[in-house]
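Peer 1: Have a look at this one before I ask anything.
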Amino acid sequence: MDFIGKRVLVLGAGISGISVACVLQNRGAQVTLSDSKPQELLKNKDFSCIHESGVTLALGRQDEGLLEGVDWVVVSPGISINIPLIKSAKSRNIKVMSEIEVAYQICPAPILAVTGTNGKTTTTTLIGEMVKTTDRNVVVGGNIGLALSQEVAEVGEKGIVVAEISSFQLEGSIDFRPRVAAILNITPDHLDRHHSMENYIAMKERIFANQTSDDYIVLNYDDLTVREMASKVPSKVFFFSRQTELTSGIFVKDGMIIIKWQGKNYAVVPVSKIQLRGGHNIENVLAACGVAFFAGVSLSAMVKTLINFTGVEHRIEMVSTINGVTYYNDSKATNPESSIKALEAFDKNIILIAGGRDKNTDLTVFMQLIKEKVDHLILLGEAKERFEEAAIAQGVNQIHSVTSLAAAVQLAQQIAKKTQVVLLSPACASYDMFASYEERGKLFKKLVYEL
């Protein structure tokens, strides 16, 4: 896709929008970057590349006048393709695409892509570490770290790109085609944006929409929704399973991870040698090994990576042990299903800090597990009243309400005993009190270190 001389409107002045605006301007496009917020509310944004490259800023407005003479609209992940301005653009036959579509169009290297409701960051990071052993130039990006369009700009055709891809990013994909893709799991999430599970699933399925028989898709056999996608994919299907011995794919048997493919069996590594906590992380490991297998990573390199990999920041991250109580940062758990996986990684005796911006997903199973495993539930944020009602309905007794994360940590320290762990696993988005789950997690760690 040739961007030279094209007039492009980029919507959203976040990391993704700023990056893709600069990338396109430097490739010869005439770019306008728009955000509905005025400049005084964007003071923490770094616009240096915008000014240097000559991108036009249109802040504090997103009216239809911005569409005059525009060839393409590029949408940041935080902006829905269903807003009136995007609908107007489509009615004018202006092509609308996501930032990852731009990245795909300018990327000369093959892309390995990971999506799913939970586990994307851990799996993507692990794949990146594995692929680095092949001595190729490796870029890891997408919904993790820097914008993918910025990361792939200099990768080269002999390199390889590992990308975490969200449903928001897939909304505006057009030709996006990963050589190897993985779908980890599907549980209710972002329904405030996608409005129904059917739409949410359809967005996830876009990751394989343009694949061919030369490509591969790694699917979770244990997740029925994901398993059933196999009948729709045009690429070669490779299942992974933690629960079932597969005739073809990657699975666990007698405590050993096994790959079966094209009549050959490969013993990878004993599960006991993996440092990551929880059954959900075994699933992430299986998916990562599946993707790495088709990316040409040797079994010995997989093993070495797996036994040394301790996880990613903000995902069941051990922070510190104070007076016999260990504190864990799981700020990346932004929905109940993710927090359920965190709770399952521990025995009982948990002091759980939860709450934030409510996604209004069902809390029944989450609260049932809290009743079973949690000694004290500390709630904060916009969701705390609904969470408390749901907890009481399931018979949870020790419930505490606080007004800040600092108060939550202080209370946890006061009531914690040596047999317990303190776990921040909010089951909510962070935007009621923080700019991101990263900011929330970093503050939690700071507060714990100050103890």
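Ordering of the structure tokens sets the chain letters (A, B, ...), residue numbers begin anew at 1 in every chain, and ligands are numbered from 1 in the order given.
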Write out as a ChimeraX atom specification each polymer residue whose atoms come within 7 Å of range 148-155 of chain A, counting only C-alpha atoms; drop sequence neighbours fewer than 3 positions from it.
Peer 2: /A:19-20,23,99-100,102-103,106-107,109,137,139,141-142,159
Peer 1: Rounded to one decimal place, report the CA of Ser91 in chain A-CA of Leu66 in chain A distance in Å.
Peer 2: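 Distance between the two atoms: 14.3 Å.
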Peer 1: Given only C-alpha atoms, how would the per-residue table for range 273-390 of chain A near range 174-191 of chain A read, listing every residue at most 10 Å away with its closest atom pair and distance in Å to one decimal, sorted by chain and number, as CSV?
Peer 2:
residue,atom,partner,partner_atom,distance
A:His280,CA,A:Leu184,CA,9.9
A:Glu283,CA,A:Leu184,CA,7.9
A:Asn284,CA,A:Leu184,CA,7.3
A:Leu286,CA,A:Leu184,CA,9.8
A:Ala287,CA,A:Ala182,CA,6.9
A:Ala288,CA,A:Ala182,CA,8.4
A:Gly290,CA,A:Ala182,CA,8.6
A:Val291,CA,A:Val180,CA,6.4
A:Ala292,CA,A:Val180,CA,9.0
A:Phe293,CA,A:Val180,CA,10.0
A:Phe294,CA,A:Val180,CA,7.2
A:Ala295,CA,A:Val180,CA,7.7
A:Thr334,CA,A:Asp189,CA,9.1
A:Asn335,CA,A:Asp189,CA,6.9
A:Pro336,CA,A:Asp189,CA,9.0
A:Glu337,CA,A:Thr187,CA,7.1
A:Ser338,CA,A:Thr187,CA,9.4
A:Lys359,CA,A:His190,CA,7.0
A:Asn360,CA,A:Leu191,CA,8.5
A:Thr361,CA,A:Pro188,CA,6.9
A:Asp362,CA,A:Pro188,CA,8.6
Peer 1: Please produce a file of those selected residues containing N, CA and C atoms, as a PDB file, in the first residue's frame.
Peer 2:
ATOM      1  N   HIS A 280      -3.597 -21.707  33.994  1.00  0.00           N
ATOM      2  CA  HIS A 280      -3.771 -20.842  32.825  1.00  0.00           C
ATOM      3  C   HIS A 280      -2.430 -20.543  32.165  1.00  0.00           C
ATOM      4  N   GLU A 283      -1.406 -23.221  29.812  1.00  0.00           N
ATOM      5  CA  GLU A 283      -2.045 -23.014  28.513  1.00  0.00           C
ATOM      6  C   GLU A 283      -1.286 -21.976  27.687  1.00  0.00           C
ATOM      7  N   ASN A 284      -0.846 -20.905  28.334  1.00  0.00           N
ATOM      8  CA  ASN A 284      -0.058 -19.887  27.628  1.00  0.00           C
ATOM      9  C   ASN A 284       1.236 -20.477  27.086  1.00  0.00           C
ATOM     10  N   LEU A 286       1.777 -23.657  26.289  1.00  0.00           N
ATOM     11  CA  LEU A 286       1.450 -24.543  25.167  1.00  0.00           C
ATOM     12  C   LEU A 286       1.242 -23.736  23.890  1.00  0.00           C
ATOM     13  N   ALA A 287       0.492 -22.653  23.992  1.00  0.00           N
ATOM     14  CA  ALA A 287       0.250 -21.812  22.817  1.00  0.00           C
ATOM     15  C   ALA A 287       1.551 -21.207  22.296  1.00  0.00           C
ATOM     16  N   ALA A 288       2.382 -20.729  23.210  1.00  0.00           N
ATOM     17  CA  ALA A 288       3.658 -20.116  22.800  1.00  0.00           C
ATOM     18  C   ALA A 288       4.545 -21.130  22.104  1.00  0.00           C
ATOM     19  N   GLY A 290       3.555 -23.752  20.497  1.00  0.00           N
ATOM     20  CA  GLY A 290       2.968 -24.039  19.192  1.00  0.00           C
ATOM     21  C   GLY A 290       3.350 -23.006  18.156  1.00  0.00           C
ATOM     22  N   VAL A 291       3.236 -21.728  18.512  1.00  0.00           N
ATOM     23  CA  VAL A 291       3.611 -20.658  17.579  1.00  0.00           C
ATOM     24  C   VAL A 291       5.107 -20.713  17.272  1.00  0.00           C
ATOM     25  N   ALA A 292       5.919 -20.889  18.313  1.00  0.00           N
ATOM     26  CA  ALA A 292       7.376 -20.925  18.124  1.00  0.00           C
ATOM     27  C   ALA A 292       7.800 -22.104  17.256  1.00  0.00           C
ATOM     28  N   PHE A 293       7.107 -23.228  17.392  1.00  0.00           N
ATOM     29  CA  PHE A 293       7.409 -24.420  16.604  1.00  0.00           C
ATOM     30  C   PHE A 293       7.328 -24.121  15.113  1.00  0.00           C
ATOM     31  N   PHE A 294       6.276 -23.399  14.714  1.00  0.00           N
ATOM     32  CA  PHE A 294       6.114 -23.074  13.297  1.00  0.00           C
ATOM     33  C   PHE A 294       6.946 -21.863  12.874  1.00  0.00           C
ATOM     34  N   ALA A 295       7.535 -21.174  13.845  1.00  0.00           N
ATOM     35  CA  ALA A 295       8.444 -20.067  13.528  1.00  0.00           C
ATOM     36  C   ALA A 295       9.889 -20.546  13.437  1.00  0.00           C
ATOM     37  N   THR A 334      -8.061  -7.372  34.231  1.00  0.00           N
ATOM     38  CA  THR A 334      -9.058  -6.318  34.039  1.00  0.00           C
ATOM     39  C   THR A 334     -10.463  -6.866  33.815  1.00  0.00           C
ATOM     40  N   ASN A 335     -10.654  -8.175  34.023  1.00  0.00           N
ATOM     41  CA  ASN A 335     -11.983  -8.766  33.950  1.00  0.00           C
ATOM     42  C   ASN A 335     -12.061  -9.919  34.941  1.00  0.00           C
ATOM     43  N   PRO A 336     -13.251 -10.354  35.336  1.00  0.00           N
ATOM     44  CA  PRO A 336     -13.379 -11.418  36.334  1.00  0.00           C
ATOM     45  C   PRO A 336     -12.707 -12.720  35.932  1.00  0.00           C
ATOM     46  N   GLU A 337     -12.761 -13.082  34.654  1.00  0.00           N
ATOM     47  CA  GLU A 337     -12.163 -14.340  34.220  1.00  0.00           C
ATOM     48  C   GLU A 337     -10.659 -14.350  34.465  1.00  0.00           C
ATOM     49  N   SER A 338     -10.012 -13.220  34.226  1.00  0.00           N
ATOM     50  CA  SER A 338      -8.578 -13.128  34.469  1.00  0.00           C
ATOM     51  C   SER A 338      -8.274 -13.236  35.961  1.00  0.00           C
ATOM     52  N   LYS A 359     -16.946  -3.478  34.166  1.00  0.00           N
ATOM     53  CA  LYS A 359     -17.300  -3.846  32.796  1.00  0.00           C
ATOM     54  C   LYS A 359     -18.671  -4.516  32.734  1.00  0.00           C
ATOM     55  N   ASN A 360     -19.333  -4.607  33.912  1.00  0.00           N
ATOM     56  CA  ASN A 360     -20.690  -5.140  34.009  1.00  0.00           C
ATOM     57  C   ASN A 360     -20.820  -6.563  33.492  1.00  0.00           C
ATOM     58  N   THR A 361     -19.774  -7.356  33.652  1.00  0.00           N
ATOM     59  CA  THR A 361     -19.850  -8.775  33.316  1.00  0.00           C
ATOM     60  C   THR A 361     -20.354  -9.546  34.528  1.00  0.00           C
ATOM     61  N   ASP A 362     -20.802 -10.772  34.295  1.00  0.00           N
ATOM     62  CA  ASP A 362     -21.377 -11.577  35.369  1.00  0.00           C
ATOM     63  C   ASP A 362     -20.317 -11.916  36.422  1.00  0.00           C
TER      64      ASP A 362
END
Peer 1: Per DSSP on the backbone, what are the strand (DSSP E or B) residues of range 267-382 of chain A, as a list in words?
Peer 2: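 Those residues are Ala267, Val268, Val269, Pro270, Glu317, Met318, Val319, Ser320, Thr321, Ile322, Val325, Thr326, Tyr327, Tyr328, Asn329, Ile350, Ile351, Leu352, Ile353, Ala354, Arg357, Val374, Asp375, His376, Leu377, Ile378 and Leu379 of chain A.
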Peer 1: Can I get the selected residues back with N, CA and C atoms, as an mmCIF file, in the first residue's frame?
Peer 2:
data_model
loop_
_atom_site.group_PDB
_atom_site.id
_atom_site.type_symbol
_atom_site.label_atom_id
_atom_site.label_comp_id
_atom_site.auth_asym_id
_atom_site.auth_seq_id
_atom_site.Cartn_x
_atom_site.Cartn_y
_atom_site.Cartn_z
ATOM 1 N N ALA A 267 9.078 -34.596 22.738
ATOM 2 C CA ALA A 267 8.957 -34.280 24.161
ATOM 3 C C ALA A 267 9.659 -32.946 24.388
ATOM 4 N N VAL A 268 8.920 -31.958 24.934
ATOM 5 C CA VAL A 268 9.468 -30.612 25.064
ATOM 6 C C VAL A 268 10.106 -30.403 26.437
ATOM 7 N N VAL A 269 9.283 -30.368 27.493
ATOM 8 C CA VAL A 269 9.805 -30.062 28.821
ATOM 9 C C VAL A 269 8.803 -30.530 29.883
ATOM 10 N N PRO A 270 9.282 -30.995 31.037
ATOM 11 C CA PRO A 270 8.348 -31.313 32.123
ATOM 12 C C PRO A 270 7.681 -30.036 32.649
ATOM 13 N N GLU A 317 2.566 -11.065 39.557
ATOM 14 C CA GLU A 317 3.971 -10.694 39.757
ATOM 15 C C GLU A 317 4.264 -10.609 41.261
ATOM 16 N N MET A 318 5.194 -11.424 41.726
ATOM 17 C CA MET A 318 5.569 -11.381 43.125
ATOM 18 C C MET A 318 6.319 -10.081 43.394
ATOM 19 N N VAL A 319 5.819 -9.291 44.348
ATOM 20 C CA VAL A 319 6.386 -7.976 44.626
ATOM 21 C C VAL A 319 7.377 -8.049 45.778
ATOM 22 N N SER A 320 6.916 -8.551 46.920
ATOM 23 C CA SER A 320 7.781 -8.600 48.098
ATOM 24 C C SER A 320 7.128 -9.460 49.169
ATOM 25 N N THR A 321 7.962 -9.966 50.086
ATOM 26 C CA THR A 321 7.458 -10.675 51.264
ATOM 27 C C THR A 321 7.805 -9.850 52.493
ATOM 28 N N ILE A 322 6.781 -9.486 53.258
ATOM 29 C CA ILE A 322 6.950 -8.615 54.420
ATOM 30 C C ILE A 322 6.314 -9.296 55.625
ATOM 31 N N VAL A 325 4.290 -12.315 54.881
ATOM 32 C CA VAL A 325 3.161 -12.166 53.954
ATOM 33 C C VAL A 325 3.694 -11.751 52.589
ATOM 34 N N THR A 326 3.342 -12.499 51.542
ATOM 35 C CA THR A 326 3.813 -12.186 50.193
ATOM 36 C C THR A 326 2.740 -11.406 49.435
ATOM 37 N N TYR A 327 3.175 -10.351 48.764
ATOM 38 C CA TYR A 327 2.291 -9.466 48.009
ATOM 39 C C TYR A 327 2.462 -9.725 46.516
ATOM 40 N N TYR A 328 1.344 -9.861 45.809
ATOM 41 C CA TYR A 328 1.364 -10.125 44.373
ATOM 42 C C TYR A 328 0.600 -9.038 43.617
ATOM 43 N N ASN A 329 1.197 -8.595 42.517
ATOM 44 C CA ASN A 329 0.612 -7.577 41.656
ATOM 45 C C ASN A 329 0.016 -8.244 40.417
ATOM 46 N N ILE A 350 -6.190 -16.026 50.981
ATOM 47 C CA ILE A 350 -5.886 -14.864 50.147
ATOM 48 C C ILE A 350 -6.587 -13.633 50.701
ATOM 49 N N ILE A 351 -5.877 -12.520 50.738
ATOM 50 C CA ILE A 351 -6.495 -11.215 50.937
ATOM 51 C C ILE A 351 -6.530 -10.562 49.563
ATOM 52 N N LEU A 352 -7.720 -10.385 49.011
ATOM 53 C CA LEU A 352 -7.878 -9.921 47.630
ATOM 54 C C LEU A 352 -8.280 -8.456 47.594
ATOM 55 N N ILE A 353 -7.534 -7.677 46.809
ATOM 56 C CA ILE A 353 -7.897 -6.289 46.528
ATOM 57 C C ILE A 353 -8.473 -6.244 45.116
ATOM 58 N N ALA A 354 -9.721 -5.805 44.996
ATOM 59 C CA ALA A 354 -10.392 -5.814 43.687
ATOM 60 C C ALA A 354 -11.236 -4.553 43.521
ATOM 61 N N ARG A 357 -13.058 0.276 37.363
ATOM 62 C CA ARG A 357 -14.153 0.594 36.445
ATOM 63 C C ARG A 357 -14.844 -0.695 36.025
ATOM 64 N N VAL A 374 -10.851 -16.794 49.499
ATOM 65 C CA VAL A 374 -10.438 -15.479 49.997
ATOM 66 C C VAL A 374 -10.875 -15.297 51.451
ATOM 67 N N ASP A 375 -9.927 -14.910 52.296
ATOM 68 C CA ASP A 375 -10.231 -14.629 53.701
ATOM 69 C C ASP A 375 -10.818 -13.234 53.887
ATOM 70 N N HIS A 376 -10.278 -12.266 53.156
ATOM 71 C CA HIS A 376 -10.757 -10.885 53.222
ATOM 72 C C HIS A 376 -10.823 -10.316 51.804
ATOM 73 N N LEU A 377 -11.937 -9.684 51.483
ATOM 74 C CA LEU A 377 -12.115 -9.027 50.185
ATOM 75 C C LEU A 377 -12.131 -7.515 50.408
ATOM 76 N N ILE A 378 -11.157 -6.822 49.822
ATOM 77 C CA ILE A 378 -11.057 -5.368 49.939
ATOM 78 C C ILE A 378 -11.457 -4.763 48.599
ATOM 79 N N LEU A 379 -12.477 -3.909 48.616
ATOM 80 C CA LEU A 379 -13.035 -3.352 47.384
ATOM 81 C C LEU A 379 -12.813 -1.846 47.290
#
Peer 1: Point out the residue among A:Thr125, A:Ile258, A:Arg7, A:Pro108 with the least atom-to-atom distance to Leu67 in chain A, counting only C-alpha atoms.
Peer 2: A:Arg7
Peer 1: Check the smallest atom-to-atom distance from each of A:Ala21, A:Ala393, A:Leu126, A:Ala113 to Val365 in chain A using only C-alpha atoms, then report the winner.
Peer 2: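 Under the stated criterion, the closest residue is A:Ala393.
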Peer 1: Name the residues of range 13-101 of chain A that come out as alpha helix (DSSP H) in a backbone DSSP run; write them as a list in words.
Peer 2: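 Alpha helix (DSSP H) assignments inside range 13-101 of chain A correspond to Ile15, Ser16, Gly17, Ile18, Ser19, Val20, Ala21, Cys22, Val23, Leu24, Gln25, Asn26, Ser48, Cys49, Ile50, His51, Glu52, Ser53, Pro84, Leu85, Ile86, Lys87, Ser88, Ala89, Lys90, Ser91, Glu99, Ile100 and Glu101 of chain A.
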Peer 1: Sorted by chain and rising residue number, list the residues of range 68-118 of chain A at most 10 Å from range 203-220 of chain A (counting only C-alpha atoms), each with its closest atom pair and distance in Å to one decimal, as a Markdown table.
Peer 2:
| residue | atom | partner | partner_atom | distance |
| --- | --- | --- | --- | --- |
| A:Leu112 | CA | A:Tyr216 | CA | 9.6 |
| A:Ala113 | CA | A:Ile207 | CA | 7.8 |
| A:Val114 | CA | A:Ile207 | CA | 8.5 |
| A:Thr115 | CA | A:Lys204 | CA | 7.0 |
| A:Gly116 | CA | A:Lys204 | CA | 7.1 |
| A:Thr117 | CA | A:Lys204 | CA | 9.1 |
Peer 1: Generate the output file for the selected residues, C-alpha atoms, as a compact mmCIF listing (two decimals), in the first residue's frame.
Peer 2:
# COMPACT_ATOMS: atom_id res chain seq x y z
CA LEU A 112 3.26 -13.97 14.51
CA ALA A 113 0.06 -12.74 16.15
CA VAL A 114 -1.65 -13.61 19.44
CA THR A 115 -5.19 -12.76 20.52
CA GLY A 116 -7.70 -13.97 23.09
CA THR A 117 -9.41 -12.59 26.17
